[in-house]
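Q: Encoded as structure tokens, here's the structure I'll be asking about.
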Amino acid sequence: MLTNVSLVTLWVTDQDSAKRFYIDVLGFVEGTDVSMGDGFRWVTVRAPDHPELQVTMMVPGPPLEPDVAEAIRRSLAAGRMGGFGLTTDDCHGDYERLRALGVEFPQPPSDRPYGIEAVMRDNQGNWLVLVENKPYDGGEFPHA
């Protein structure tokens, strides 16, 4: 039986820089950092209180087709690559703290039916959603 998601992939162009950003700026902790031969390096980070989910920082390349790897690099360079969501208990406070550290926010904290949401970019061009959840029953978004 499947029990949970344990690994998500985040595309980066510089594993060292990405690792520093996630650890030094966002407060993640190192998971794994090993060279596996043929220039391949396996780098993961995770939230301090959630060892069950690691984020692997992958450089676009083999086994991806060259045109797919190039499309990912272009999306990162344009700051348009999707990342993942982060939960916070203080969206406004984290927004101010992270902005002071130089993090770019295309969208400042905004009230949504499900909570307060801000959108930021990591130092690689990935978009991350920062959400302070609130009780929500789905009623404001009708289902088809």
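Note on naming: chains are A, B, ... as they come in the structure tokens, residues start from 1 per chain, ligands start from 1 in the order shown.
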Pick out the residues sitting within 12 Å of Val34 (chain A), and hand them over as a ChimeraX atom specification; count only C-alpha atoms, and ignore anything fewer than 5 positions along from it in its own chain.
A: /A:15,39-44,56-57
Q: What are the closest atom pairs, with distances in Å to one decimal, for each residue of region 15-36 of chain A lying within 12 Å of region 88-101 of chain A, using only C-alpha atoms, rows by chain and rising residue number, as a tab-separated table?
A:
residue	atom	partner	partner_atom	distance
A:Phe21	CA	A:Leu101	CA	10.3
A:Tyr22	CA	A:Leu98	CA	11.6
A:Asp24	CA	A:Leu101	CA	10.0
A:Val25	CA	A:Leu101	CA	7.2
A:Leu26	CA	A:Leu98	CA	8.0
A:Gly27	CA	A:Leu98	CA	10.8
Q: For a quick check of understanding, using only C-alpha atoms, which of A:Leu53, A:Ala47, A:Leu86, A:Ile72 has the smallest distance to Phe28 (chain A)?
A: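 Closest to Phe28 (chain A), using only C-alpha atoms: A:Ala47.
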Q: Between CA of Asp137 (chain A) and CA of Val119 (chain A), what is the distance in Å, rounded to a tenth?
A: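 Spanning CA of Asp137 (chain A) to CA of Val119 (chain A) is a straight-line distance of 22.7 Å.
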Q: Excluding Asn4 (chain A) and residues on its chain fewer than 3 positions from it, collect all residues at most 12 Å away from it, counting only C-alpha atoms, and give them as a ChimeraX atom specification.
A: /A:1,7-8,50-54
Q: Using DSSP secondary structure from the backbone, list all helix (DSSP H, G or I) positions within chain A, as a PyMOL selection string.
A: chain A and resi 15-25+66-77+91-100
Q: Write to file, as a PDB file, in the first residue's frame, the residues of the selection just made, with C-alpha atoms.
A:
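Written file, result26.pdb:
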ATOM      1  CA  GLN A  15      22.971  22.727  -6.911  1.00  0.00           C
ATOM      2  CA  ASP A  16      25.352  24.474  -4.495  1.00  0.00           C
ATOM      3  CA  SER A  17      23.580  27.823  -4.779  1.00  0.00           C
ATOM      4  CA  ALA A  18      20.139  26.218  -4.535  1.00  0.00           C
ATOM      5  CA  LYS A  19      21.162  24.187  -1.497  1.00  0.00           C
ATOM      6  CA  ARG A  20      22.474  27.310   0.273  1.00  0.00           C
ATOM      7  CA  PHE A  21      19.251  29.201  -0.496  1.00  0.00           C
ATOM      8  CA  TYR A  22      16.994  26.468   0.871  1.00  0.00           C
ATOM      9  CA  ILE A  23      19.121  25.938   3.982  1.00  0.00           C
ATOM     10  CA  ASP A  24      20.339  29.476   4.773  1.00  0.00           C
ATOM     11  CA  VAL A  25      17.291  31.481   3.650  1.00  0.00           C
ATOM     12  CA  PRO A  66      18.262  17.437 -24.757  1.00  0.00           C
ATOM     13  CA  ASP A  67      15.331  19.573 -25.960  1.00  0.00           C
ATOM     14  CA  VAL A  68      13.395  18.941 -22.724  1.00  0.00           C
ATOM     15  CA  ALA A  69      16.446  19.801 -20.582  1.00  0.00           C
ATOM     16  CA  GLU A  70      16.905  23.019 -22.583  1.00  0.00           C
ATOM     17  CA  ALA A  71      13.227  23.950 -22.142  1.00  0.00           C
ATOM     18  CA  ILE A  72      13.592  23.524 -18.372  1.00  0.00           C
ATOM     19  CA  ARG A  73      16.751  25.683 -18.348  1.00  0.00           C
ATOM     20  CA  ARG A  74      14.924  28.389 -20.333  1.00  0.00           C
ATOM     21  CA  SER A  75      11.965  28.291 -17.935  1.00  0.00           C
ATOM     22  CA  LEU A  76      14.294  28.616 -14.941  1.00  0.00           C
ATOM     23  CA  ALA A  77      16.172  31.503 -16.561  1.00  0.00           C
ATOM     24  CA  CYS A  91       2.540  34.658   5.882  1.00  0.00           C
ATOM     25  CA  HIS A  92       2.942  38.409   6.420  1.00  0.00           C
ATOM     26  CA  GLY A  93       5.832  37.927   8.865  1.00  0.00           C
ATOM     27  CA  ASP A  94       7.645  35.425   6.623  1.00  0.00           C
ATOM     28  CA  TYR A  95       7.070  37.703   3.646  1.00  0.00           C
ATOM     29  CA  GLU A  96       8.761  40.611   5.448  1.00  0.00           C
ATOM     30  CA  ARG A  97      11.609  38.435   6.777  1.00  0.00           C
ATOM     31  CA  LEU A  98      12.310  36.831   3.390  1.00  0.00           C
ATOM     32  CA  ARG A  99      12.050  40.132   1.486  1.00  0.00           C
ATOM     33  CA  ALA A 100      14.650  41.572   3.873  1.00  0.00           C
TER      34      ALA A 100
END
Q: Go ahead and compute the interatomic distance for CA of Pro109 (chain A) and CA of Lys134 (chain A), in Å to one decimal.
A: 13.9 Å
Q: One decimal, Å: what's the distance from CA of Val55 (chain A) over to CA of Gly125 (chain A), could you say?
A: 15.7 Å
